[in-house]
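**Q** Next comes data-v9.txt, compact mmCIF, C-alpha atoms and all ligand atoms:
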# COMPACT_ATOMS: atom_id res chain seq x y z
CA MET A 1 37.90 44.55 -6.11
CA SER A 2 39.97 47.70 -5.74
CA ALA A 3 39.16 51.37 -6.20
CA THR A 4 41.80 53.88 -7.14
CA SER A 5 42.27 57.22 -8.86
CA CYS A 6 44.68 58.72 -11.39
CA ASP A 7 45.12 61.76 -13.65
CA VAL A 8 44.98 59.85 -16.95
CA LEU A 9 43.75 56.34 -17.73
CA ILE A 10 45.06 54.92 -21.01
CA ALA A 11 43.26 51.93 -22.50
CA GLY A 12 45.72 50.04 -24.74
CA GLY A 13 49.42 49.57 -24.00
CA GLY A 14 50.50 48.95 -27.60
CA MET A 15 53.27 51.04 -29.15
CA VAL A 16 51.33 54.33 -29.05
CA GLY A 17 49.60 53.89 -25.67
CA ALA A 18 52.87 52.85 -23.99
CA ALA A 19 54.73 55.86 -25.47
CA LEU A 20 52.02 58.19 -24.19
CA ALA A 21 52.00 56.56 -20.72
CA LEU A 22 55.77 57.01 -20.42
CA SER A 23 55.64 60.64 -21.63
CA LEU A 24 52.94 61.55 -19.11
CA ALA A 25 54.54 59.68 -16.20
CA ARG A 26 57.88 61.38 -16.87
CA GLY A 27 55.99 64.67 -16.78
CA GLY A 28 54.70 63.92 -13.28
CA LEU A 29 51.13 62.74 -13.96
CA ALA A 30 49.62 59.65 -12.29
CA VAL A 31 48.80 57.19 -15.08
CA ALA A 32 46.79 53.95 -15.19
CA LEU A 33 47.61 51.77 -18.22
CA VAL A 34 45.07 49.05 -19.07
CA GLU A 35 46.15 46.37 -21.57
CA LEU A 36 44.54 43.13 -22.72
CA ARG A 37 47.76 41.13 -22.91
CA PRO A 38 51.40 41.66 -21.85
CA PRO A 39 53.87 42.24 -24.71
CA PRO A 40 55.87 39.13 -25.64
CA PRO A 41 59.43 38.94 -24.29
CA PHE A 42 62.26 39.61 -26.74
CA VAL A 43 64.30 36.46 -27.40
CA PRO A 44 67.62 37.46 -29.03
CA ASP A 45 68.14 34.18 -30.93
CA SER A 46 64.65 34.17 -32.42
CA GLY A 47 64.14 35.24 -36.01
CA HIS A 48 62.58 38.60 -36.85
CA ASP A 49 58.89 38.82 -36.05
CA LEU A 50 56.44 39.21 -38.94
CA ARG A 51 55.20 42.59 -37.66
CA VAL A 52 57.72 45.35 -38.25
CA SER A 53 57.43 49.12 -38.77
CA ALA A 54 59.53 51.58 -40.72
CA ILE A 55 60.29 54.05 -37.92
CA ASN A 56 61.03 57.57 -39.13
CA ARG A 57 63.30 60.20 -37.65
CA ALA A 58 60.49 62.03 -35.82
CA SER A 59 59.60 58.83 -33.93
CA GLN A 60 63.28 58.10 -33.28
CA ARG A 61 63.58 61.58 -31.72
CA LEU A 62 60.66 60.81 -29.44
CA PHE A 63 62.28 57.50 -28.40
CA ARG A 64 65.53 59.33 -27.65
CA ALA A 65 63.71 61.95 -25.56
CA LEU A 66 62.01 59.13 -23.63
CA GLY A 67 65.33 57.30 -23.12
CA VAL A 68 64.17 54.12 -24.86
CA TRP A 69 66.16 54.28 -28.08
CA GLU A 70 69.25 52.58 -26.62
CA GLY A 71 67.03 49.76 -25.30
CA MET A 72 65.67 49.19 -28.82
CA ARG A 73 69.17 49.25 -30.29
CA ALA A 74 70.32 46.70 -27.72
CA MET A 75 67.51 44.37 -28.79
CA ARG A 76 67.46 44.68 -32.58
CA ILE A 77 67.01 47.48 -35.11
CA SER A 78 67.75 47.57 -38.84
CA PRO A 79 68.84 50.92 -40.31
CA TYR A 80 68.32 51.53 -44.01
CA GLN A 81 70.50 53.75 -46.16
CA ALA A 82 68.50 54.03 -49.36
CA MET A 83 65.02 53.66 -50.78
CA GLU A 84 64.09 52.83 -54.34
CA VAL A 85 60.53 53.09 -55.67
CA TRP A 86 59.52 52.20 -59.19
CA ASP A 87 56.52 51.45 -61.36
CA ALA A 88 55.87 48.06 -62.94
CA GLY A 89 54.01 49.79 -65.77
CA GLY A 90 56.90 51.88 -67.17
CA SER A 91 60.43 53.10 -66.59
CA GLY A 92 59.76 55.74 -63.89
CA CYS A 93 61.94 55.26 -60.82
CA ILE A 94 62.99 57.37 -57.84
CA ARG A 95 65.89 56.65 -55.49
CA PHE A 96 66.75 58.37 -52.21
CA GLU A 97 70.08 57.97 -50.45
CA ALA A 98 70.98 58.96 -46.91
CA ARG A 99 74.34 60.40 -47.92
CA GLU A 100 72.75 62.68 -50.56
CA LEU A 101 70.62 64.12 -47.76
CA GLY A 102 73.56 64.39 -45.35
CA GLU A 103 71.93 61.87 -42.99
CA PRO A 104 73.44 58.78 -41.30
CA ASP A 105 70.45 56.69 -42.50
CA LEU A 106 66.90 57.15 -43.83
CA GLY A 107 65.22 55.43 -40.87
CA HIS A 108 64.99 52.02 -39.20
CA ILE A 109 62.95 48.87 -39.63
CA ILE A 110 62.03 47.71 -36.12
CA GLU A 111 59.87 44.84 -34.93
CA ASN A 112 56.70 46.12 -33.25
CA ARG A 113 57.38 43.86 -30.26
CA VAL A 114 60.83 45.47 -29.80
CA VAL A 115 59.31 48.97 -29.72
CA GLN A 116 56.61 47.90 -27.28
CA ARG A 117 59.04 45.90 -25.09
CA ALA A 118 61.50 48.80 -24.76
CA LEU A 119 58.65 51.12 -23.73
CA TRP A 120 57.27 48.60 -21.21
CA ASP A 121 60.78 48.05 -19.73
CA ALA A 122 61.04 51.82 -19.20
CA LEU A 123 57.54 51.87 -17.67
CA ASP A 124 58.80 49.34 -15.05
CA ALA A 125 61.06 52.05 -13.69
CA ALA A 126 58.76 55.04 -14.26
CA PRO A 127 57.16 56.56 -11.15
CA GLY A 128 53.41 57.07 -11.13
CA VAL A 129 52.35 54.33 -13.58
CA THR A 130 50.01 51.54 -12.48
CA ARG A 131 49.50 48.79 -15.02
CA PHE A 132 46.36 46.68 -15.22
CA CYS A 133 47.26 43.72 -17.42
CA PRO A 134 45.68 41.47 -18.51
CA ASP A 135 42.58 43.61 -18.17
CA ALA A 136 40.08 45.68 -20.16
CA VAL A 137 37.67 48.55 -19.67
CA THR A 138 34.11 47.26 -19.36
CA LEU A 139 32.24 50.40 -18.21
CA LEU A 140 32.84 54.05 -18.86
CA ASP A 141 30.90 56.78 -17.09
CA ILE A 142 31.97 60.26 -18.06
CA GLY A 143 30.83 62.96 -15.65
CA ALA A 144 31.39 66.71 -15.55
CA ARG A 145 34.23 66.59 -12.98
CA GLU A 146 35.68 63.11 -13.49
CA ALA A 147 35.33 59.86 -15.41
CA ARG A 148 34.63 56.57 -13.67
CA VAL A 149 35.96 53.40 -15.24
CA THR A 150 35.31 49.77 -14.35
CA LEU A 151 37.68 47.05 -15.51
CA GLU A 152 37.02 43.40 -16.26
CA SER A 153 39.01 42.46 -13.13
CA GLY A 154 36.49 44.43 -11.08
CA ALA A 155 38.88 47.33 -10.34
CA ARG A 156 37.20 50.75 -10.31
CA ILE A 157 39.20 53.82 -11.21
CA THR A 158 38.31 57.50 -11.18
CA THR A 159 40.30 59.68 -13.54
CA SER A 160 40.37 63.17 -15.05
CA LEU A 161 40.92 61.85 -18.57
CA VAL A 162 40.41 58.57 -20.46
CA VAL A 163 42.57 57.95 -23.53
CA GLY A 164 41.65 55.33 -26.13
CA ALA A 165 44.90 53.86 -27.49
CA ASP A 166 43.24 50.50 -28.06
CA GLY A 167 43.79 50.16 -31.79
CA ALA A 168 41.65 50.20 -34.91
CA ARG A 169 38.68 48.44 -33.30
CA SER A 170 38.74 50.74 -30.28
CA ARG A 171 36.18 49.83 -27.60
CA ILE A 172 36.76 53.20 -25.97
CA ARG A 173 35.78 54.98 -29.22
CA GLU A 174 32.64 52.85 -29.37
CA MET A 175 31.74 53.39 -25.71
CA ALA A 176 32.14 57.15 -26.19
CA GLY A 177 29.80 56.99 -29.20
CA ILE A 178 32.34 58.58 -31.57
CA ASP A 179 31.59 57.75 -35.22
CA LEU A 180 34.25 56.49 -37.57
CA ASP A 181 34.52 57.44 -41.26
CA SER A 182 35.98 54.27 -42.66
CA ARG A 183 36.42 52.60 -46.01
CA ARG A 184 37.84 49.25 -47.04
CA TYR A 185 40.50 49.60 -49.72
CA GLY A 186 39.61 46.20 -51.21
CA GLN A 187 43.21 45.18 -50.53
CA GLN A 188 45.05 43.03 -48.01
CA ALA A 189 48.62 43.38 -46.83
CA LEU A 190 50.42 40.05 -46.90
CA VAL A 191 53.51 39.96 -44.67
CA ALA A 192 56.39 37.48 -44.54
CA THR A 193 60.12 37.36 -43.82
CA VAL A 194 62.32 36.19 -46.70
CA ARG A 195 65.93 35.64 -47.71
CA THR A 196 66.98 36.68 -51.21
CA ALA A 197 69.87 35.42 -53.35
CA LEU A 198 71.33 38.95 -53.69
CA PRO A 199 72.09 41.21 -50.69
CA HIS A 200 69.48 43.85 -49.88
CA GLN A 201 72.15 46.60 -49.66
CA GLU A 202 70.37 48.21 -46.70
CA THR A 203 67.84 49.51 -49.20
CA ALA A 204 64.04 49.60 -48.89
CA TRP A 205 62.67 48.44 -52.26
CA GLN A 206 59.13 49.15 -53.38
CA ARG A 207 57.58 48.28 -56.74
CA PHE A 208 54.11 49.49 -57.68
CA LEU A 209 52.27 46.61 -59.38
CA PRO A 210 48.84 47.11 -60.99
CA THR A 211 47.34 45.08 -58.10
CA GLY A 212 49.14 47.05 -55.37
CA PRO A 213 52.61 47.90 -53.98
CA LEU A 214 55.19 45.26 -53.02
CA ALA A 215 57.87 46.28 -50.49
CA PHE A 216 61.06 44.48 -49.41
CA LEU A 217 62.38 46.08 -46.20
CA PRO A 218 65.99 45.28 -45.19
CA LEU A 219 66.61 43.49 -41.87
CA SER A 220 69.86 43.40 -39.90
CA ASP A 221 70.32 39.62 -40.37
CA GLY A 222 70.37 39.97 -44.16
CA ARG A 223 66.73 38.95 -44.65
CA CYS A 224 63.90 41.20 -45.80
CA SER A 225 60.50 41.85 -44.33
CA VAL A 226 57.98 41.75 -47.16
CA VAL A 227 54.75 43.77 -47.20
CA TRP A 228 52.71 42.95 -50.27
CA SER A 229 49.51 45.00 -50.50
CA ALA A 230 47.33 43.39 -53.15
CA ASP A 231 43.73 43.52 -54.30
CA ASP A 232 41.65 40.98 -52.35
CA GLU A 233 41.51 38.39 -55.12
CA ARG A 234 45.25 38.52 -55.78
CA ALA A 235 46.02 38.51 -52.05
CA GLU A 236 43.98 35.35 -51.58
CA GLN A 237 45.75 33.66 -54.50
CA LEU A 238 49.11 34.61 -53.00
CA ARG A 239 48.11 33.37 -49.55
CA ASP A 240 47.15 29.97 -50.97
CA LEU A 241 50.33 29.41 -53.01
CA ASP A 242 52.78 26.78 -51.78
CA ASP A 243 56.17 28.10 -50.60
CA VAL A 244 57.98 27.50 -53.90
CA ALA A 245 55.32 29.25 -55.98
CA PHE A 246 55.06 32.10 -53.43
CA ARG A 247 58.83 32.71 -53.59
CA GLU A 248 58.69 32.75 -57.39
CA ALA A 249 55.80 35.24 -57.31
CA LEU A 250 57.76 37.46 -54.90
CA ALA A 251 60.93 37.44 -57.04
CA GLU A 252 58.92 38.22 -60.14
CA GLY A 253 56.88 40.87 -58.31
CA LEU A 254 60.12 42.68 -57.45
CA ASP A 255 61.31 42.25 -61.06
CA HIS A 256 64.14 39.97 -59.81
CA ARG A 257 65.91 43.03 -58.40
CA LEU A 258 67.24 40.92 -55.49
CA GLY A 259 67.47 37.69 -57.48
CA ALA A 260 65.62 34.59 -56.37
CA VAL A 261 63.78 34.38 -53.06
CA VAL A 262 65.47 31.39 -51.41
CA GLU A 263 63.66 31.19 -48.05
CA SER A 264 60.31 32.39 -46.76
CA SER A 265 58.54 32.28 -43.42
CA GLN A 266 54.86 31.68 -42.78
CA ARG A 267 52.57 34.48 -44.03
CA ALA A 268 49.92 36.67 -42.37
CA ALA A 269 47.33 38.88 -44.05
CA PHE A 270 45.74 42.14 -42.86
CA PRO A 271 42.67 43.67 -44.57
CA LEU A 272 43.39 47.33 -45.29
CA ARG A 273 41.13 50.26 -44.54
CA GLY A 274 41.45 54.00 -44.22
CA SER A 275 39.61 55.54 -41.30
CA GLN A 276 39.27 58.71 -39.30
CA ALA A 277 37.32 59.16 -36.07
CA ARG A 278 34.90 62.10 -36.56
CA HIS A 279 36.25 63.54 -33.30
CA TYR A 280 39.55 62.85 -31.58
CA VAL A 281 38.35 64.37 -28.32
CA ARG A 282 35.30 64.74 -26.11
CA PRO A 283 35.21 66.24 -22.63
CA ARG A 284 37.43 63.94 -20.50
CA LEU A 285 38.24 61.68 -23.47
CA ALA A 286 40.86 61.54 -26.23
CA LEU A 287 41.81 59.04 -28.96
CA VAL A 288 45.35 58.41 -30.23
CA GLY A 289 47.01 56.13 -32.81
CA ASP A 290 44.95 53.57 -34.70
CA ALA A 291 41.98 54.22 -32.39
CA ALA A 292 41.77 57.66 -34.05
CA HIS A 293 42.91 56.84 -37.61
CA THR A 294 44.23 54.12 -39.91
CA ILE A 295 46.04 54.56 -43.20
CA HIS A 296 47.30 52.45 -46.12
CA PRO A 297 50.74 51.02 -45.18
CA LEU A 298 52.34 51.87 -48.54
CA ALA A 299 54.53 54.63 -47.12
CA GLY A 300 54.98 53.17 -43.63
CA GLN A 301 53.38 56.14 -41.84
CA GLY A 302 50.69 54.63 -39.56
CA VAL A 303 52.43 54.25 -36.25
CA ASN A 304 54.67 57.24 -36.93
CA LEU A 305 51.52 59.38 -37.03
CA GLY A 306 50.39 57.67 -33.82
CA PHE A 307 53.63 58.64 -32.08
CA GLN A 308 53.10 62.22 -33.18
CA ASP A 309 49.61 62.05 -31.62
CA ALA A 310 51.15 60.80 -28.36
CA ARG A 311 53.73 63.54 -28.44
CA ALA A 312 51.21 66.28 -29.15
CA LEU A 313 48.74 65.09 -26.51
CA ALA A 314 51.50 64.81 -23.89
CA GLY A 315 52.57 68.32 -24.88
CA VAL A 316 49.19 69.93 -24.31
CA LEU A 317 48.56 67.98 -21.09
CA LEU A 318 51.93 68.69 -19.51
CA HIS A 319 52.26 72.28 -20.61
CA GLY A 320 48.76 73.51 -21.42
CA ALA A 321 46.51 72.01 -18.75
CA VAL A 322 46.19 73.86 -15.49
CA GLY A 323 45.22 71.28 -12.91
CA ASP A 324 42.65 69.36 -15.00
CA PRO A 325 43.93 67.15 -17.86
CA GLY A 326 40.36 66.35 -18.93
CA GLU A 327 39.41 69.93 -19.73
CA PHE A 328 37.82 70.04 -23.20
CA ARG A 329 39.41 73.39 -24.16
CA VAL A 330 42.87 71.86 -23.64
CA LEU A 331 42.02 68.62 -25.44
CA ARG A 332 40.74 70.57 -28.44
CA ARG A 333 44.26 71.94 -28.91
CA TYR A 334 45.49 68.39 -29.37
CA GLU A 335 42.75 67.66 -31.92
CA ARG A 336 43.53 70.83 -33.87
CA ALA A 337 47.23 69.98 -33.90
CA ARG A 338 46.77 66.44 -35.22
CA ARG A 339 43.52 65.72 -37.07
CA GLY A 340 44.19 67.90 -40.11
CA ASP A 341 47.71 66.46 -40.59
CA ASN A 342 46.46 62.90 -40.27
CA VAL A 343 43.65 63.46 -42.79
CA ILE A 344 46.09 65.01 -45.31
CA MET A 345 48.45 62.04 -44.98
CA MET A 346 45.58 59.56 -45.43
CA ARG A 347 44.37 61.35 -48.58
CA ALA A 348 47.91 61.52 -49.98
CA MET A 349 48.29 57.75 -49.54
CA GLU A 350 44.93 57.21 -51.26
CA CYS A 351 46.07 59.32 -54.24
CA PHE A 352 49.27 57.27 -54.50
CA ARG A 353 47.37 54.02 -54.25
CA TYR A 354 44.84 55.06 -56.87
CA GLY A 355 47.41 56.69 -59.17
CA PHE A 356 49.72 53.69 -59.12
CA GLY A 357 46.98 51.08 -59.16
CA SER A 358 45.43 52.43 -62.33
CA ALA A 359 46.22 50.98 -65.75
CA LEU A 360 44.61 53.99 -67.51
CA PRO A 361 47.22 55.14 -70.07
CA PRO A 362 47.20 58.87 -69.10
CA LEU A 363 47.70 58.00 -65.44
CA ALA A 364 50.40 55.43 -66.21
CA LEU A 365 52.24 57.96 -68.38
CA GLY A 366 51.78 60.73 -65.83
CA ARG A 367 53.12 58.74 -62.89
CA ASN A 368 56.15 57.53 -64.84
CA LEU A 369 56.92 61.07 -65.96
CA GLY A 370 56.33 62.27 -62.40
CA LEU A 371 58.75 59.73 -60.95
CA MET A 372 61.42 60.49 -63.57
CA LEU A 373 61.12 64.25 -63.12
CA ALA A 374 61.06 64.04 -59.34
CA ASP A 375 64.17 61.84 -59.44
CA ARG A 376 66.00 64.45 -61.52
CA ALA A 377 64.70 67.55 -59.69
CA GLY A 378 67.23 67.75 -56.85
CA PRO A 379 65.53 70.25 -54.47
CA LEU A 380 62.01 68.81 -54.99
CA LYS A 381 63.33 65.30 -54.40
CA ARG A 382 65.15 66.39 -51.24
CA THR A 383 62.03 68.14 -49.91
CA LEU A 384 59.88 65.07 -50.66
CA ALA A 385 62.31 62.75 -48.90
CA ARG A 386 62.86 64.94 -45.85
CA ARG A 387 59.08 65.32 -45.40
CA ALA A 388 58.25 61.61 -45.86
CA LEU A 389 61.05 60.44 -43.60
CA GLY A 390 60.31 62.94 -40.84
CA LEU A 391 63.86 64.30 -41.13
CA ASP A 392 62.74 67.90 -40.66
CA SER A 393 60.01 67.24 -38.10
CA PRO A 394 59.90 70.36 -35.99
CA ASP A 395 60.54 69.76 -32.33
CA LEU A 396 57.17 70.39 -30.71
CA PRO A 397 57.20 73.33 -28.33
CA TYR A 398 56.70 70.72 -25.63
CA SER A 399 58.99 67.85 -24.87
CA PRO A 400 58.01 64.91 -22.73
CA GLY A 401 59.87 64.30 -19.52
C1 LIG B 501 50.93 45.20 -42.80
C2 LIG B 501 51.13 46.48 -42.04
C3 LIG B 501 52.35 47.13 -42.12
C4 LIG B 501 52.55 48.33 -41.43
N1 LIG B 501 53.74 48.96 -41.55
C5 LIG B 501 53.93 50.14 -40.91
C6 LIG B 501 55.17 50.84 -41.03
O1 LIG B 501 56.13 50.40 -41.71
N2 LIG B 501 55.31 52.03 -40.39
C7 LIG B 501 54.29 52.57 -39.65
O2 LIG B 501 54.44 53.68 -39.13
N3 LIG B 501 53.11 51.92 -39.49
C8 LIG B 501 52.91 50.72 -40.11
N4 LIG B 501 51.72 50.07 -39.96
C9 LIG B 501 50.68 50.62 -39.05
C10 LIG B 501 50.96 50.24 -37.59
O3 LIG B 501 51.11 48.84 -37.44
C11 LIG B 501 49.83 50.74 -36.70
O4 LIG B 501 49.60 52.10 -36.98
C12 LIG B 501 50.18 50.58 -35.22
O5 LIG B 501 50.29 49.22 -34.86
C13 LIG B 501 49.15 51.26 -34.33
O6 LIG B 501 49.60 51.23 -33.01
P1 LIG B 501 48.57 51.49 -31.81
O7 LIG B 501 49.38 51.38 -30.55
O8 LIG B 501 47.79 52.73 -32.07
O9 LIG B 501 47.52 50.32 -31.92
P2 LIG B 501 47.74 48.74 -31.77
O10 LIG B 501 49.08 48.34 -32.24
O11 LIG B 501 46.56 48.09 -32.40
O12 LIG B 501 47.71 48.52 -30.19
C14 LIG B 501 46.51 48.56 -29.47
C15 LIG B 501 46.75 47.90 -28.11
O13 LIG B 501 45.54 47.98 -27.36
C16 LIG B 501 45.26 46.71 -26.78
N5 LIG B 501 43.80 46.63 -26.65
C17 LIG B 501 42.87 46.43 -27.62
N6 LIG B 501 41.64 46.46 -27.11
C18 LIG B 501 41.78 46.70 -25.79
C19 LIG B 501 40.87 46.85 -24.72
N7 LIG B 501 39.55 46.75 -24.91
N8 LIG B 501 41.36 47.09 -23.49
C20 LIG B 501 42.70 47.19 -23.27
N9 LIG B 501 43.62 47.06 -24.25
C21 LIG B 501 43.16 46.82 -25.49
C22 LIG B 501 45.84 45.69 -27.74
O14 LIG B 501 46.14 44.47 -27.08
C23 LIG B 501 47.10 46.42 -28.22
O15 LIG B 501 48.21 46.16 -27.39
C24 LIG B 501 51.49 48.88 -40.65
C25 LIG B 501 50.27 48.23 -40.55
C26 LIG B 501 50.08 47.04 -41.26
C27 LIG B 501 48.75 46.34 -41.18
Let me see the file written as structure tokens.
Ligand SMILES: Cc1cc2nc3c(=O)[nH]c(=O)nc-3n(C[C@H](O)[C@H](O)[C@H](O)COP(=O)(O)OP(=O)(O)OC[C@H]3O[C@@H](n4cnc5c(N)ncnc54)[C@H](O)[C@@H]3O)c2cc1C
**A**
Amino acid sequence: MSATSCDVLIAGGGMVGAALALSLARGGLAVALVELRPPPPFVPDSGHDLRVSAINRASQRLFRALGVWEGMRAMRISPYQAMEVWDAGGSGCIRFEARELGEPDLGHIIENRVVQRALWDALDAAPGVTRFCPDAVTLLDIGAREARVTLESGARITTSLVVGADGARSRIREMAGIDLDSRRYGQQALVATVRTALPHQETAWQRFLPTGPLAFLPLSDGRCSVVWSADDERAEQLRDLDDVAFREALAEGLDHRLGAVVESSQRAAFPLRGSQARHYVRPRLALVGDAAHTIHPLAGQGVNLGFQDARALAGVLLHGAVGDPGEFRVLRRYERARRGDNVIMMRAMECFRYGFGSALPPLALGRNLGLMLADRAGPLKRTLARRALGLDSPDLPYSPG
């Protein structure tokens, strides 16, 4: 058994927790990072992993500031140049292109394990980070002047601040007694990696079907990562199809835009829910990433919002806290900076999901008209794209490291 102390203890070394740990360590704080399992190694010759994220420009900027972007590039990233979104129930369609926006690309599709690995590699060299892995927090005792944490391994740590970055089923959130407003969307996201007969043209394709959106995201080896969000019943049918029938359903779902689907990997399914922790902070405690909020994956925003949480929390701790990172007044600034934005994004995704999932004629007509008009309205379309892709994300007044 060992006893130790630190400024900030982060439970969860996934993408968001690792980014926060690196930001704080670079800023000179002593950090303990507790993670259940080490991230898998990156094996260059292996195929793309099933779990990928569309990483937007704001997150890319954070990775650059942390010095991990080149590490990700050296492993594997897939830039995309265009995005096309259309409705199965009409002729409405909107297309964004990087060159129209004067950008080198619209973003990157990156395997989650690549993001996490690059951050962990940088943590190896960061001063002031102690990792406890494999390990977990078993006891949390939050006092007025410090928090005391006991780990499964028996280690005891005193800290000024505990951060829950332990994902959607956060134990830290539970232990702190913070309620979660949460609702199941009645949909599951089915993911797979596929090869299509026609090239993907470095374009992210998304078709809104009455049962949910189907996305084909372009990968650097010519394949696509598929995310098919479908109502539970449809998702279960799709999961049970044999490979030939599944490939046919995929090609048809995308209206044969990329021709036949000629290869497909195994599939995995994730039940979808939208959630918001009632509070992101308590004295000596903060939540970031999926521990604080989850969102429908239809616009690929979830982890991008989590990275903005990490960036904002690091900002207030490194530049707003005087001596005590657990001070509630300081933590409240983080909550005010992030909760409202995250709620707005969650509601916007719910409107999209409802609007595009509905077969009601006025809604179907409205969304098709909306897509057509938005596609033709140059400035509106540019504003929409720049916002969604994080192209104009303001640099926070604070920068990590
Ligand atoms: C199908 C699908 C597609 C998606 N696509 C996108 C996309 O394109 N773009 C995007 O931005 N987002 C996307 N998301 C959302 C994104 O995957 C999540 O927002 C992101 O993984 C959250 O990261 P996190 O680090 O907060 O949590 P997690 O990734 O859940 O990491 C939590 C970490 O905490 C560890 N942990 C858990 N419990 C404990 C404990 N008790 N003690 C210690 N450690 C613990 C876990 O091992 C894990 O490493 C998608 C989600 C789904 C389901």
**Q** Identify which of the residues A:Ala88, A:Val43, A:Met83, A:Ala299 lies closest to ligand LIG 501 (chain B), counting all atoms listed in the file when measuring atom-to-atom distances.
**A** A:Ala299
**Q** Pick out the residues sitting within 12 Å of A:Pro213, and hand them over as number ranges by chain; count only C-alpha atoms, and ignore anything fewer than 5 positions along from it in its own chain.
**A** A: 85-88, 187-190, 205-208, 226-231, 235, 250, 253-254, 296-300, 349, 352-358
**Q** Write the residues of the selection above to a file with C-alpha atoms, as an mmCIF file, in the coordinates of the input.
**A**
data_model
loop_
_atom_site.group_PDB
_atom_site.id
_atom_site.type_symbol
_atom_site.label_atom_id
_atom_site.label_comp_id
_atom_site.auth_asym_id
_atom_site.auth_seq_id
_atom_site.Cartn_x
_atom_site.Cartn_y
_atom_site.Cartn_z
ATOM 1 C CA VAL A 85 60.530 53.090 -55.670
ATOM 2 C CA TRP A 86 59.520 52.200 -59.190
ATOM 3 C CA ASP A 87 56.520 51.450 -61.360
ATOM 4 C CA ALA A 88 55.870 48.060 -62.940
ATOM 5 C CA GLN A 187 43.210 45.180 -50.530
ATOM 6 C CA GLN A 188 45.050 43.030 -48.010
ATOM 7 C CA ALA A 189 48.620 43.380 -46.830
ATOM 8 C CA LEU A 190 50.420 40.050 -46.900
ATOM 9 C CA TRP A 205 62.670 48.440 -52.260
ATOM 10 C CA GLN A 206 59.130 49.150 -53.380
ATOM 11 C CA ARG A 207 57.580 48.280 -56.740
ATOM 12 C CA PHE A 208 54.110 49.490 -57.680
ATOM 13 C CA VAL A 226 57.980 41.750 -47.160
ATOM 14 C CA VAL A 227 54.750 43.770 -47.200
ATOM 15 C CA TRP A 228 52.710 42.950 -50.270
ATOM 16 C CA SER A 229 49.510 45.000 -50.500
ATOM 17 C CA ALA A 230 47.330 43.390 -53.150
ATOM 18 C CA ASP A 231 43.730 43.520 -54.300
ATOM 19 C CA ALA A 235 46.020 38.510 -52.050
ATOM 20 C CA LEU A 250 57.760 37.460 -54.900
ATOM 21 C CA GLY A 253 56.880 40.870 -58.310
ATOM 22 C CA LEU A 254 60.120 42.680 -57.450
ATOM 23 C CA HIS A 296 47.300 52.450 -46.120
ATOM 24 C CA PRO A 297 50.740 51.020 -45.180
ATOM 25 C CA LEU A 298 52.340 51.870 -48.540
ATOM 26 C CA ALA A 299 54.530 54.630 -47.120
ATOM 27 C CA GLY A 300 54.980 53.170 -43.630
ATOM 28 C CA MET A 349 48.290 57.750 -49.540
ATOM 29 C CA PHE A 352 49.270 57.270 -54.500
ATOM 30 C CA ARG A 353 47.370 54.020 -54.250
ATOM 31 C CA TYR A 354 44.840 55.060 -56.870
ATOM 32 C CA GLY A 355 47.410 56.690 -59.170
ATOM 33 C CA PHE A 356 49.720 53.690 -59.120
ATOM 34 C CA GLY A 357 46.980 51.080 -59.160
ATOM 35 C CA SER A 358 45.430 52.430 -62.330
#
**Q** Just how far from atom O1 of ligand LIG 501 (chain B) is atom CA of A:Val191, in Å to one decimal?
**A**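 One can read the atom CA of A:Val191 to atom O1 of ligand LIG 501 (chain B) distance as 11.2 Å.
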**Q** Could you give me the residues within 7 Å of ligand LIG 501 (chain B), counting only C-alpha atoms and all ligand atoms, as JSON, numbers by chain?
**A** {"A": [11, 12, 13, 14, 15, 16, 17, 34, 35, 36, 37, 51, 52, 53, 54, 55, 135, 136, 137, 165, 166, 167, 168, 170, 171, 189, 190, 191, 227, 270, 272, 288, 289, 290, 291, 294, 297, 300, 301, 302, 303, 304, 305, 306]}
**Q** To one decimal place, how far is atom CA of A:Ala176 from atom CA of A:Trp120 in Å?
**A**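 Computing the Euclidean distance for atom CA of A:Ala176 and atom CA of A:Trp120 yields 27.0 Å.
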**Q** Go ahead and compute the interatomic distance for atom CA of A:Arg26 and atom CA of A:Pro134, in Å to one decimal.
**A**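 Computing the Euclidean distance for atom CA of A:Arg26 and atom CA of A:Pro134 yields 23.4 Å.
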**Q** With only C-alpha atoms as the atoms that count, which of A:Pro218, A:Pro79, A:Gly102, A:Gly27 lies nearest to A:Arg195?
**A**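 Residue with the minimum atom-to-atom distance to A:Arg195: A:Pro218.
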**Q** So that I can see what lies close to A:Val163, please list as a PDB file with C-alpha atoms, in the coordinates of the input the residues with an atom at most 7 Å from it, counting all atoms listed in the file and leaving out residues fewer than 4 positions away in the same chain.
**A**
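Done, and the output landed in around.pdb:
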ATOM      1  CA  LEU A   9      43.750  56.340 -17.730  1.00  0.00           C
ATOM      2  CA  ILE A  10      45.060  54.920 -21.010  1.00  0.00           C
ATOM      3  CA  ALA A  11      43.260  51.930 -22.500  1.00  0.00           C
ATOM      4  CA  LEU A 285      38.240  61.680 -23.470  1.00  0.00           C
ATOM      5  CA  ALA A 286      40.860  61.540 -26.230  1.00  0.00           C
ATOM      6  CA  LEU A 287      41.810  59.040 -28.960  1.00  0.00           C
TER       7      LEU A 287
END
**Q** What lies within 9 Å of stretch 141-144 of chain A using all atoms listed in the file, ignoring chain neighbours under 4 positions off, as a list in words?
**A**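 Counting only the stated atoms, we get Arg148, Val149, Thr150, Val162, Ala176, Pro283, Arg284 and Leu285 of chain A.
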**Q** For stretch 283-297 of chain A, take all atoms listed in the file, fit an axis-aligned box around them, add 8 Å to each of the six sides, then output centre and edge lengths in Å rounded to one decimal, as JSON.
**A**
{"center_x": 43.0, "center_y": 58.6, "center_z": -33.3, "size_x": 31.5, "size_y": 31.2, "size_z": 41.6}
